[in-house]
Amino acid sequence: MSDPTSLIETASLLAVDIGASTTRAILFDVVEGQYRLIAIGQSPTTAEMPIRDIGEGARQAIENLQCILGRPLLDAEQQLIIPTQPDGAGIDAVVATISTGPVVKTVVAGLLNSVSLESAQRLSETICSCIVETLSLKDHRKPEEQIDSIIRVHPDLIIIAGGTDGGASRSIKKMVEVIGLACYLMPKGKRPVVLFAGNQNLEKEVRAALEPLSSSFHVSPNIRPSLEVEDLEPARKVLARIFLEIRKRQIGGVEEVSQLSGDLIMPPAFGLGRMIHLLSQMYKPAKGILAADVGASAVTIAAGYDEKMALNVYPYLGLGENLSGMLRFTSLDDIARWIPVDISKDFILNYLFQKSLHPTSIPATKEDLMIEQSLARQALRLAFAATGKSYPTEICFPGVHLRPMRDLIFAGGSVITNAPTLGQSLLLLLDGLQPAGITTIILDRNNLLPVLGAAADFNNILPVQVIESGAFVNLAMVVSPVSTTRYGTVILRARLIYADGKVAKSEVKHGGLVILPLAAGQTAQLELHPIHQADVGFGSGRAGKINVTGGALGVVIDARGRPLELPIDAQRRRELIKKWHWIMGG
């Protein structure tokens with residue numbers, strides 16, 4: 001087999017990541033035969049007033065990167081220098097991701113609620129969208145009522161699914177007729193984009209009916225080719241292009257950034273999903289790989305397993321301007337329960353609305369930081385609960401045979417990566433995701449996964465080599481036993497045998513949180529002996545041995561229970577949370 005380094009072309013890559021609040025310019029280049037992250041420049045995103053042109057924020061981020069590098073990337077006319085010049089100026093290629101912008105208002109239409117309509121809804125969740133209306137066979141409204149409803153919500157996008165290939169056609173045609181009349185009655189300049197992902201035998205008829213009445217018409221392979229099979233992957237790619245088409249209509253400068261990158265521009269969620277899928281194919285972990293990103297615009301959950309990929313984007317859980325909308329799905333009590341000090345609900349509510357108005361602000365006090373981290377915990381819980389049928393492997397709870405949640409979890413988002421300590425980052429993830437079994441947690445401290453997914457179009461070696469460099473932080477190997485015994489009962493005996501023969505032992509009680517020291521990169525053998533039928537992933541009450549590699553926080557045993565239940569008494573709960581923070585390093 002050829003050496004992968006022999007395939008490397010010494011080509012530098014600039015990735016422009018345009019977020020809801022911050023635009024970053026990220027440079028990757030070859031150092032000693034391997035691709036590495038070189039530097040990151042950043043600037044406030046300029047999508048809103050007074051500039052309303054994301055191209056300006058991109059140029060400012062690149063200028064900042066120039067200052068860090070000490071060499072020019074832009075010429076006198078503020079244009080990128082491509083390719084790299086003999087004196088080192090410029091870069092060879094550009095890719096971009098964009099997450100800023102309003103939520104895409106989406107209407108989904110399908111025949112059966114539990115089949116094609118569900119698939120269409122899952123497809124819509126792969127971009128930053130909000131379903132504002134649904135149509136199906138079970139919709140008993142009159143056609144004129146359906147038309148009025150579509151016009152009233154004024155969608156940006158309509159997704160039509162339904163009918164297996166060669167199957168039902170009459171019902172689809174009726175639905176297309178309703179959608180066509182609704183589009184006809186909208187102003188020409190404000191008509192939605194239409195994606196048809198249903199019975200492929202009807203493509204010509206649906207195109208003839210809707211293409212003249214929509215702002216643009218797209219077709220993807222059937223997302224439900226049979227009742228038993230769901231295939232979203234081809235439609236995801238089409239939807240990613242549609243997303244950017246919609247953004248070009250909504251935001252100034254998207255066309256400029258698209259031309260700058262040679263159309264190598266995509267939604268960050270799509271890049272994240274692609275990267276997780278690529279890693280799951282390369283490393284083939286037994287249970288798969290999960291990624292969780294808590295951003296200002298949305299919370300994104302992606303998973304790669306069994307050669308498949310699942311992707312869900314939840315804009316209503318983002319910690320930016322949509323933050324106040326989180327209260328439609330949770331309560332102030334659920335948010336406040338994670339805070340280790342007594343903060344009034346009015347104070348939390350005020351912070352929530354202030355953050356919605358000023359999404360680029362950062363926590364100014366310890367209380368603000370506690371609230372923001374509590375919001376992130378609750379957002380992760382809600383997002384993971386909402387994934388529903390998208391994931392075949394579920395978190396298992398007491399009384400249910402344990403199947404480890406994932407072999408690897410990648411985590412990103414500034415609220416996680418910018419926590420004051422790595423212990424706080426890990427505790428936030430353990431509280432929010434509550435993994436079961438044996439899991440390695442990796443911190444994407446520079447939020448690189450989405451842009452690496454975009455970079456895979458340019459060079460598929462670059463993403464892998466950057467991940468294997470020091471750009472990511474291995475937080476810890478986490479063991480999370482599941483037990484039904486009484487709180488305080490010993491449920492696990494653990495022995496960590498170091499390479500030099502020394503041994504660290506621990507008796508772990510139900511409800512406990514223990515750290516076994518193991519330096520980053522150091523290897524050891526971990527012996528786990530469950531008691532009282534506790535399950536660490538080998539089966540109820542079964543012991544086992546695994547080889548482990550140390551992370552920044554060593555090996556963490558989280559025996560606090562699955563699901564994690566906090567004490568009802570407020571004072572006892574706060575003292576317990578403070579204890580957990582102390583164990584994780586303050």
# chains A, B, ... in the order shown; residues from 1 in each chain; ligands from 1
>>> residues_around(residues="A:Glu367", least_positions_apart="3", cutoff="12 Å", atoms="only C-alpha atoms", output="ChimeraX atom specification")
/A:336,339-344,347-348,351,362-364,370-374
>>> select_by_dssp(residues="stretch 359-579 of chain A", states="strand (DSSP E or B)", output="PDB file with C-alpha atoms, in the first residue's frame")
ATOM      1  CA  LEU A 408     -16.114   8.314  19.950  1.00  0.00           C
ATOM      2  CA  ILE A 409     -17.810  11.618  20.678  1.00  0.00           C
ATOM      3  CA  PHE A 410     -16.556  14.834  19.083  1.00  0.00           C
ATOM      4  CA  ALA A 411     -17.782  18.043  20.699  1.00  0.00           C
ATOM      5  CA  GLY A 412     -17.637  21.628  19.437  1.00  0.00           C
ATOM      6  CA  GLY A 437     -20.752   2.409  28.399  1.00  0.00           C
ATOM      7  CA  ILE A 438     -17.175   3.158  27.347  1.00  0.00           C
ATOM      8  CA  THR A 439     -16.611   6.296  25.295  1.00  0.00           C
ATOM      9  CA  THR A 440     -13.702   8.511  24.260  1.00  0.00           C
ATOM     10  CA  ILE A 441     -14.579  12.215  24.184  1.00  0.00           C
ATOM     11  CA  ILE A 442     -12.659  14.512  21.819  1.00  0.00           C
ATOM     12  CA  LEU A 443     -12.845  18.307  22.012  1.00  0.00           C
ATOM     13  CA  VAL A 473      -7.961  17.547  22.426  1.00  0.00           C
ATOM     14  CA  ASN A 474      -8.569  14.046  23.747  1.00  0.00           C
ATOM     15  CA  LEU A 475     -10.481  14.967  26.910  1.00  0.00           C
ATOM     16  CA  ALA A 476     -10.864  11.554  28.495  1.00  0.00           C
ATOM     17  CA  MET A 477     -11.830   7.931  28.209  1.00  0.00           C
ATOM     18  CA  VAL A 478     -15.163   7.809  30.053  1.00  0.00           C
ATOM     19  CA  VAL A 479     -16.707   4.708  31.630  1.00  0.00           C
ATOM     20  CA  SER A 480     -20.402   5.160  32.459  1.00  0.00           C
ATOM     21  CA  VAL A 482     -25.651   1.558  34.397  1.00  0.00           C
ATOM     22  CA  VAL A 490     -20.406   0.044  45.440  1.00  0.00           C
ATOM     23  CA  ILE A 491     -21.157  -1.027  41.852  1.00  0.00           C
ATOM     24  CA  LEU A 492     -17.706  -1.182  40.258  1.00  0.00           C
ATOM     25  CA  ARG A 493     -14.124  -2.063  41.120  1.00  0.00           C
ATOM     26  CA  ALA A 494     -11.609  -0.613  38.683  1.00  0.00           C
ATOM     27  CA  ARG A 495      -7.878  -1.287  38.300  1.00  0.00           C
ATOM     28  CA  LEU A 496      -5.688   0.799  35.994  1.00  0.00           C
ATOM     29  CA  ILE A 497      -2.412  -0.996  35.259  1.00  0.00           C
ATOM     30  CA  TYR A 498       0.242   1.384  33.932  1.00  0.00           C
ATOM     31  CA  VAL A 503      -1.587   0.060  39.630  1.00  0.00           C
ATOM     32  CA  ALA A 504      -4.303   2.575  40.503  1.00  0.00           C
ATOM     33  CA  LYS A 505      -7.405   1.108  42.159  1.00  0.00           C
ATOM     34  CA  SER A 506     -10.833   2.516  42.861  1.00  0.00           C
ATOM     35  CA  GLU A 507     -14.125   1.272  44.318  1.00  0.00           C
ATOM     36  CA  VAL A 508     -16.858   3.282  42.614  1.00  0.00           C
ATOM     37  CA  LYS A 509     -20.213   3.865  44.274  1.00  0.00           C
ATOM     38  CA  LEU A 513     -17.633  10.492  39.869  1.00  0.00           C
ATOM     39  CA  VAL A 514     -14.014   9.275  39.859  1.00  0.00           C
ATOM     40  CA  ILE A 515     -10.877  10.232  37.929  1.00  0.00           C
ATOM     41  CA  LEU A 516      -8.039   7.748  37.449  1.00  0.00           C
ATOM     42  CA  THR A 523      -1.259   3.755  27.506  1.00  0.00           C
ATOM     43  CA  ALA A 524      -2.498   1.405  30.212  1.00  0.00           C
ATOM     44  CA  GLN A 525      -4.821  -1.534  30.783  1.00  0.00           C
ATOM     45  CA  LEU A 526      -8.138  -0.922  32.538  1.00  0.00           C
ATOM     46  CA  GLU A 527      -9.816  -3.798  34.386  1.00  0.00           C
ATOM     47  CA  LEU A 528     -13.488  -3.359  35.217  1.00  0.00           C
ATOM     48  CA  HIS A 529     -15.298  -5.628  37.700  1.00  0.00           C
ATOM     49  CA  PRO A 530     -18.997  -4.680  38.011  1.00  0.00           C
ATOM     50  CA  ASP A 535     -23.274  -2.956  33.248  1.00  0.00           C
ATOM     51  CA  GLY A 544     -13.728  -7.031  31.181  1.00  0.00           C
ATOM     52  CA  LYS A 545     -10.375  -5.537  30.256  1.00  0.00           C
ATOM     53  CA  ILE A 546      -9.618  -2.822  27.720  1.00  0.00           C
ATOM     54  CA  ASN A 547      -6.511  -0.994  26.615  1.00  0.00           C
ATOM     55  CA  VAL A 548      -6.853   2.741  27.163  1.00  0.00           C
ATOM     56  CA  THR A 549      -4.961   5.852  26.117  1.00  0.00           C
ATOM     57  CA  VAL A 555      -9.814   8.036  32.707  1.00  0.00           C
ATOM     58  CA  VAL A 556     -13.141   9.210  34.113  1.00  0.00           C
ATOM     59  CA  ILE A 557     -15.691   6.867  35.697  1.00  0.00           C
ATOM     60  CA  ASP A 558     -19.110   8.505  35.716  1.00  0.00           C
TER      61      ASP A 558
END
>>> closest_residue(among="A:Ala303, A:Leu37, A:Ala235, A:Leu112", to="A:Pro285", atoms="only C-alpha atoms")
A:Ala303
>>> closest_residue(among="A:Met326, A:Ala76, A:Leu311, A:Cys128", to="A:Phe353", atoms="only C-alpha atoms")
A:Met326
>>> select_by_dssp(residues="stretch 81-156 of chain A", states="alpha helix (DSSP H)", output="PDB file with N, CA and C atoms, in the first residue's frame")
ATOM      1  N   GLU A 118     -42.507  11.581   7.595  1.00  0.00           N
ATOM      2  CA  GLU A 118     -41.429  11.535   8.591  1.00  0.00           C
ATOM      3  C   GLU A 118     -40.068  11.657   7.919  1.00  0.00           C
ATOM      4  N   SER A 119     -39.893  10.974   6.792  1.00  0.00           N
ATOM      5  CA  SER A 119     -38.614  11.050   6.081  1.00  0.00           C
ATOM      6  C   SER A 119     -38.358  12.470   5.590  1.00  0.00           C
ATOM      7  N   ALA A 120     -39.391  13.137   5.075  1.00  0.00           N
ATOM      8  CA  ALA A 120     -39.237  14.517   4.619  1.00  0.00           C
ATOM      9  C   ALA A 120     -38.895  15.442   5.779  1.00  0.00           C
ATOM     10  N   GLN A 121     -39.475  15.196   6.934  1.00  0.00           N
ATOM     11  CA  GLN A 121     -39.155  16.005   8.112  1.00  0.00           C
ATOM     12  C   GLN A 121     -37.715  15.792   8.538  1.00  0.00           C
ATOM     13  N   ARG A 122     -37.255  14.535   8.511  1.00  0.00           N
ATOM     14  CA  ARG A 122     -35.857  14.271   8.866  1.00  0.00           C
ATOM     15  C   ARG A 122     -34.914  14.912   7.862  1.00  0.00           C
ATOM     16  N   LEU A 123     -35.295  14.908   6.591  1.00  0.00           N
ATOM     17  CA  LEU A 123     -34.468  15.567   5.584  1.00  0.00           C
ATOM     18  C   LEU A 123     -34.377  17.062   5.863  1.00  0.00           C
ATOM     19  N   SER A 124     -35.486  17.689   6.218  1.00  0.00           N
ATOM     20  CA  SER A 124     -35.480  19.133   6.483  1.00  0.00           C
ATOM     21  C   SER A 124     -34.610  19.475   7.681  1.00  0.00           C
ATOM     22  N   PRO A 143     -58.977  21.724   0.168  1.00  0.00           N
ATOM     23  CA  PRO A 143     -57.833  22.224  -0.599  1.00  0.00           C
ATOM     24  C   PRO A 143     -57.617  23.728  -0.441  1.00  0.00           C
ATOM     25  N   GLU A 144     -58.712  24.519  -0.421  1.00  0.00           N
ATOM     26  CA  GLU A 144     -58.545  25.965  -0.287  1.00  0.00           C
ATOM     27  C   GLU A 144     -57.980  26.353   1.079  1.00  0.00           C
ATOM     28  N   GLU A 145     -58.277  25.545   2.106  1.00  0.00           N
ATOM     29  CA  GLU A 145     -57.716  25.817   3.432  1.00  0.00           C
ATOM     30  C   GLU A 145     -56.221  25.496   3.449  1.00  0.00           C
ATOM     31  N   GLN A 146     -55.842  24.424   2.779  1.00  0.00           N
ATOM     32  CA  GLN A 146     -54.423  24.091   2.689  1.00  0.00           C
ATOM     33  C   GLN A 146     -53.658  25.171   1.930  1.00  0.00           C
ATOM     34  N   ILE A 147     -54.261  25.649   0.841  1.00  0.00           N
ATOM     35  CA  ILE A 147     -53.623  26.715   0.048  1.00  0.00           C
ATOM     36  C   ILE A 147     -53.452  27.968   0.888  1.00  0.00           C
ATOM     37  N   ASP A 148     -54.500  28.366   1.606  1.00  0.00           N
ATOM     38  CA  ASP A 148     -54.424  29.553   2.465  1.00  0.00           C
ATOM     39  C   ASP A 148     -53.334  29.393   3.514  1.00  0.00           C
ATOM     40  N   SER A 149     -53.231  28.195   4.069  1.00  0.00           N
ATOM     41  CA  SER A 149     -52.231  27.953   5.120  1.00  0.00           C
ATOM     42  C   SER A 149     -50.811  28.087   4.574  1.00  0.00           C
ATOM     43  N   ILE A 150     -50.567  27.571   3.369  1.00  0.00           N
ATOM     44  CA  ILE A 150     -49.230  27.677   2.768  1.00  0.00           C
ATOM     45  C   ILE A 150     -48.895  29.138   2.481  1.00  0.00           C
ATOM     46  N   ILE A 151     -49.860  29.871   1.931  1.00  0.00           N
ATOM     47  CA  ILE A 151     -49.621  31.287   1.622  1.00  0.00           C
ATOM     48  C   ILE A 151     -49.351  32.070   2.902  1.00  0.00           C
ATOM     49  N   ARG A 152     -50.087  31.757   3.973  1.00  0.00           N
ATOM     50  CA  ARG A 152     -49.969  32.499   5.223  1.00  0.00           C
ATOM     51  C   ARG A 152     -48.577  32.345   5.847  1.00  0.00           C
ATOM     52  N   VAL A 153     -47.995  31.130   5.790  1.00  0.00           N
ATOM     53  CA  VAL A 153     -46.679  30.921   6.419  1.00  0.00           C
ATOM     54  C   VAL A 153     -45.536  31.410   5.536  1.00  0.00           C
TER      55      VAL A 153
END
>>> closest_residue(among="A:Asn350, A:Ser297, A:Thr126, A:Gln378", to="A:Thr22", atoms="only C-alpha atoms")
A:Ser297
>>> closest_residue(among="A:Ser12, A:Asn460, A:Gln34, A:Thr100", to="A:Leu73", atoms="only C-alpha atoms")
A:Ser12
>>> residues_around(residues="stretch 171-188 of chain A", least_positions_apart="2", cutoff="10 Å", atoms="only C-alpha atoms", output="PyMOL selection string")
chain A and resi 107+109-111+135-137+143-152+154-155+158+160-163+168-169+190-194+196+198-199+202+205-207+209-215
>>> closest_residue(among="A:Thr300, A:Thr134, A:Arg381, A:Ser361", to="A:Asp334", atoms="only C-alpha atoms")
A:Arg381
>>> residues_around(residues="A:Ala25", least_positions_apart="2", cutoff="8 Å", atoms="only C-alpha atoms", output="PDB file with N, CA and C atoms, in the first residue's frame")
ATOM      1  N   LEU A  14      -7.291  27.791   2.351  1.00  0.00           N
ATOM      2  CA  LEU A  14      -7.929  28.762   3.224  1.00  0.00           C
ATOM      3  C   LEU A  14      -9.399  28.378   3.379  1.00  0.00           C
ATOM      4  N   ALA A  15      -9.855  28.198   4.616  1.00  0.00           N
ATOM      5  CA  ALA A  15     -11.262  27.901   4.898  1.00  0.00           C
ATOM      6  C   ALA A  15     -11.885  29.111   5.565  1.00  0.00           C
ATOM      7  N   VAL A  16     -12.972  29.608   4.993  1.00  0.00           N
ATOM      8  CA  VAL A  16     -13.689  30.748   5.556  1.00  0.00           C
ATOM      9  C   VAL A  16     -14.980  30.225   6.179  1.00  0.00           C
ATOM     10  N   ASP A  17     -15.092  30.398   7.489  1.00  0.00           N
ATOM     11  CA  ASP A  17     -16.267  29.912   8.231  1.00  0.00           C
ATOM     12  C   ASP A  17     -17.069  31.119   8.700  1.00  0.00           C
ATOM     13  N   THR A  23     -16.891  35.452  12.047  1.00  0.00           N
ATOM     14  CA  THR A  23     -16.353  34.914  10.794  1.00  0.00           C
ATOM     15  C   THR A  23     -14.883  34.587  11.010  1.00  0.00           C
ATOM     16  N   LEU A  27      -6.244  28.822   8.018  1.00  0.00           N
ATOM     17  CA  LEU A  27      -5.240  28.402   7.038  1.00  0.00           C
ATOM     18  C   LEU A  27      -4.687  27.024   7.373  1.00  0.00           C
ATOM     19  N   ILE A  40      -5.512  30.984  12.691  1.00  0.00           N
ATOM     20  CA  ILE A  40      -6.902  31.388  12.532  1.00  0.00           C
ATOM     21  C   ILE A  40      -7.021  32.892  12.757  1.00  0.00           C
ATOM     22  N   GLY A  41      -7.633  33.582  11.788  1.00  0.00           N
ATOM     23  CA  GLY A  41      -7.963  34.991  11.961  1.00  0.00           C
ATOM     24  C   GLY A  41      -9.473  35.132  12.056  1.00  0.00           C
ATOM     25  N   GLN A  42      -9.950  36.092  12.802  1.00  0.00           N
ATOM     26  CA  GLN A  42     -11.394  36.214  12.930  1.00  0.00           C
ATOM     27  C   GLN A  42     -11.851  37.654  12.988  1.00  0.00           C
ATOM     28  N   ALA A  58     -15.660  38.554   5.905  1.00  0.00           N
ATOM     29  CA  ALA A  58     -14.677  37.572   5.440  1.00  0.00           C
ATOM     30  C   ALA A  58     -13.338  38.250   5.150  1.00  0.00           C
ATOM     31  N   ALA A  61     -11.583  39.110   8.396  1.00  0.00           N
ATOM     32  CA  ALA A  61     -10.993  37.920   9.016  1.00  0.00           C
ATOM     33  C   ALA A  61      -9.703  37.523   8.307  1.00  0.00           C
ATOM     34  N   ILE A  62      -9.687  37.638   6.976  1.00  0.00           N
ATOM     35  CA  ILE A  62      -8.478  37.308   6.216  1.00  0.00           C
ATOM     36  C   ILE A  62      -7.371  38.314   6.509  1.00  0.00           C
ATOM     37  N   LEU A  65      -5.875  37.362   9.675  1.00  0.00           N
ATOM     38  CA  LEU A  65      -5.006  36.203   9.469  1.00  0.00           C
ATOM     39  C   LEU A  65      -3.666  36.637   8.874  1.00  0.00           C
TER      40      LEU A  65
END
>>> atom_distance(atom1="atom CA of A:Ile301", atom2="atom CA of A:Asp444")
13.9 Å
>>> residues_around(residues="A:Leu430", least_positions_apart="2", cutoff="10 Å", atoms="only C-alpha atoms", output="PyMOL selection string")
chain A and resi 377+424-428+432-436+441+478+480+558+564
>>> write_last_selection(atoms="N, CA and C atoms", output="short mmCIF file (atom, residue, chain, number, x, y, z; two decimals), in the first residue's frame")
data_model
loop_
_atom_site.label_atom_id
_atom_site.label_comp_id
_atom_site.auth_asym_id
_atom_site.auth_seq_id
_atom_site.Cartn_x
_atom_site.Cartn_y
_atom_site.Cartn_z
N ARG A 377 -26.23 22.69 28.49
CA ARG A 377 -26.60 21.35 28.97
C ARG A 377 -28.03 21.00 28.55
N GLN A 424 -14.53 21.61 33.11
CA GLN A 424 -15.87 22.15 32.89
C GLN A 424 -16.42 21.72 31.54
N SER A 425 -15.56 21.70 30.52
CA SER A 425 -15.99 21.25 29.19
C SER A 425 -16.49 19.80 29.25
N LEU A 426 -15.72 18.94 29.91
CA LEU A 426 -16.10 17.53 29.98
C LEU A 426 -17.37 17.34 30.79
N LEU A 427 -17.48 18.03 31.94
CA LEU A 427 -18.65 17.87 32.78
C LEU A 427 -19.91 18.34 32.06
N LEU A 428 -19.79 19.42 31.29
CA LEU A 428 -20.93 19.91 30.52
C LEU A 428 -21.41 18.84 29.54
N GLY A 432 -24.89 16.82 29.60
CA GLY A 432 -25.79 17.05 28.48
C GLY A 432 -26.07 15.81 27.66
N LEU A 433 -25.02 15.05 27.32
CA LEU A 433 -25.18 13.87 26.47
C LEU A 433 -25.44 12.60 27.26
N GLN A 434 -24.89 12.53 28.48
CA GLN A 434 -25.05 11.37 29.35
C GLN A 434 -24.73 10.05 28.62
N PRO A 435 -23.51 9.91 28.10
CA PRO A 435 -23.15 8.68 27.40
C PRO A 435 -23.14 7.49 28.34
N ALA A 436 -23.46 6.33 27.81
CA ALA A 436 -23.43 5.09 28.58
C ALA A 436 -22.37 4.17 28.01
N ILE A 441 -14.02 10.90 24.52
CA ILE A 441 -14.58 12.22 24.18
C ILE A 441 -13.46 13.13 23.70
N VAL A 478 -14.11 7.76 29.03
CA VAL A 478 -15.16 7.81 30.05
C VAL A 478 -15.86 6.45 30.15
N SER A 480 -19.13 4.78 31.84
CA SER A 480 -20.40 5.16 32.46
C SER A 480 -21.24 3.91 32.73
N ASP A 558 -17.91 7.73 35.39
CA ASP A 558 -19.11 8.51 35.72
C ASP A 558 -20.22 7.54 36.10
N LEU A 564 -29.30 10.66 34.39
CA LEU A 564 -28.77 11.39 35.54
C LEU A 564 -29.91 12.16 36.21
#
>>> residues_around(residues="stretch 51-53 of chain A", least_positions_apart="3", cutoff="6 Å", atoms="only C-alpha atoms", output="list in words")
Thr46, Ala47, Glu48, Glu56, Gly252 and Gly253 of chain A
>>> write_last_selection(atoms="N, CA and C atoms", output="CSV table (one decimal), in the first residue's frame")
chain,number,residue,atom,x,y,z
A,46,THR,N,-20.6,40.2,9.4
A,46,THR,CA,-21.2,41.4,8.9
A,46,THR,C,-22.5,41.2,8.1
A,47,ALA,N,-23.3,40.2,8.5
A,47,ALA,CA,-24.6,39.9,7.8
A,47,ALA,C,-25.7,40.9,8.1
A,48,GLU,N,-25.6,41.6,9.3
A,48,GLU,CA,-26.7,42.5,9.8
A,48,GLU,C,-26.3,43.9,9.5
A,56,GLU,N,-17.6,41.4,3.6
A,56,GLU,CA,-16.8,42.4,4.3
A,56,GLU,C,-16.2,41.7,5.5
A,252,GLY,N,-26.6,39.5,1.7
A,252,GLY,CA,-25.6,40.0,0.8
A,252,GLY,C,-24.2,39.4,1.0
A,253,GLY,N,-23.5,39.2,-0.2
A,253,GLY,CA,-22.2,38.8,-0.1
A,253,GLY,C,-22.0,37.3,-0.3
>>> decode(residues="stretch 234-262 of chain A", atoms="C-alpha atoms", output="PDB file, in the first residue's frame")
ATOM      1  CA  PRO A 234     -28.556  11.877  -2.163  1.00  0.00           C
ATOM      2  CA  ALA A 235     -31.303  14.313  -1.131  1.00  0.00           C
ATOM      3  CA  ARG A 236     -29.046  15.823   1.576  1.00  0.00           C
ATOM      4  CA  LYS A 237     -26.561  16.860  -1.095  1.00  0.00           C
ATOM      5  CA  VAL A 238     -29.273  18.484  -3.190  1.00  0.00           C
ATOM      6  CA  LEU A 239     -30.708  20.217  -0.116  1.00  0.00           C
ATOM      7  CA  ALA A 240     -27.286  21.611   0.814  1.00  0.00           C
ATOM      8  CA  ARG A 241     -27.142  23.331  -2.604  1.00  0.00           C
ATOM      9  CA  ILE A 242     -30.702  24.594  -2.161  1.00  0.00           C
ATOM     10  CA  PHE A 243     -29.792  26.015   1.252  1.00  0.00           C
ATOM     11  CA  LEU A 244     -27.037  28.117  -0.293  1.00  0.00           C
ATOM     12  CA  GLU A 245     -29.354  29.218  -3.094  1.00  0.00           C
ATOM     13  CA  ILE A 246     -31.805  30.484  -0.462  1.00  0.00           C
ATOM     14  CA  ARG A 247     -29.015  32.206   1.470  1.00  0.00           C
ATOM     15  CA  LYS A 248     -27.959  34.056  -1.698  1.00  0.00           C
ATOM     16  CA  ARG A 249     -31.445  35.550  -1.829  1.00  0.00           C
ATOM     17  CA  GLN A 250     -31.456  36.437   1.875  1.00  0.00           C
ATOM     18  CA  ILE A 251     -27.936  37.698   2.614  1.00  0.00           C
ATOM     19  CA  GLY A 252     -25.623  40.049   0.787  1.00  0.00           C
ATOM     20  CA  GLY A 253     -22.165  38.773  -0.118  1.00  0.00           C
ATOM     21  CA  VAL A 254     -22.967  35.033  -0.333  1.00  0.00           C
ATOM     22  CA  GLU A 255     -22.512  35.087  -4.104  1.00  0.00           C
ATOM     23  CA  GLU A 256     -19.121  36.781  -3.684  1.00  0.00           C
ATOM     24  CA  VAL A 257     -17.953  34.181  -1.130  1.00  0.00           C
ATOM     25  CA  SER A 258     -19.236  31.396  -3.400  1.00  0.00           C
ATOM     26  CA  GLN A 259     -17.212  32.730  -6.345  1.00  0.00           C
ATOM     27  CA  LEU A 260     -14.193  33.192  -4.083  1.00  0.00           C
ATOM     28  CA  SER A 261     -14.300  29.513  -3.104  1.00  0.00           C
ATOM     29  CA  GLY A 262     -15.052  28.214  -6.592  1.00  0.00           C
TER      30      GLY A 262
END
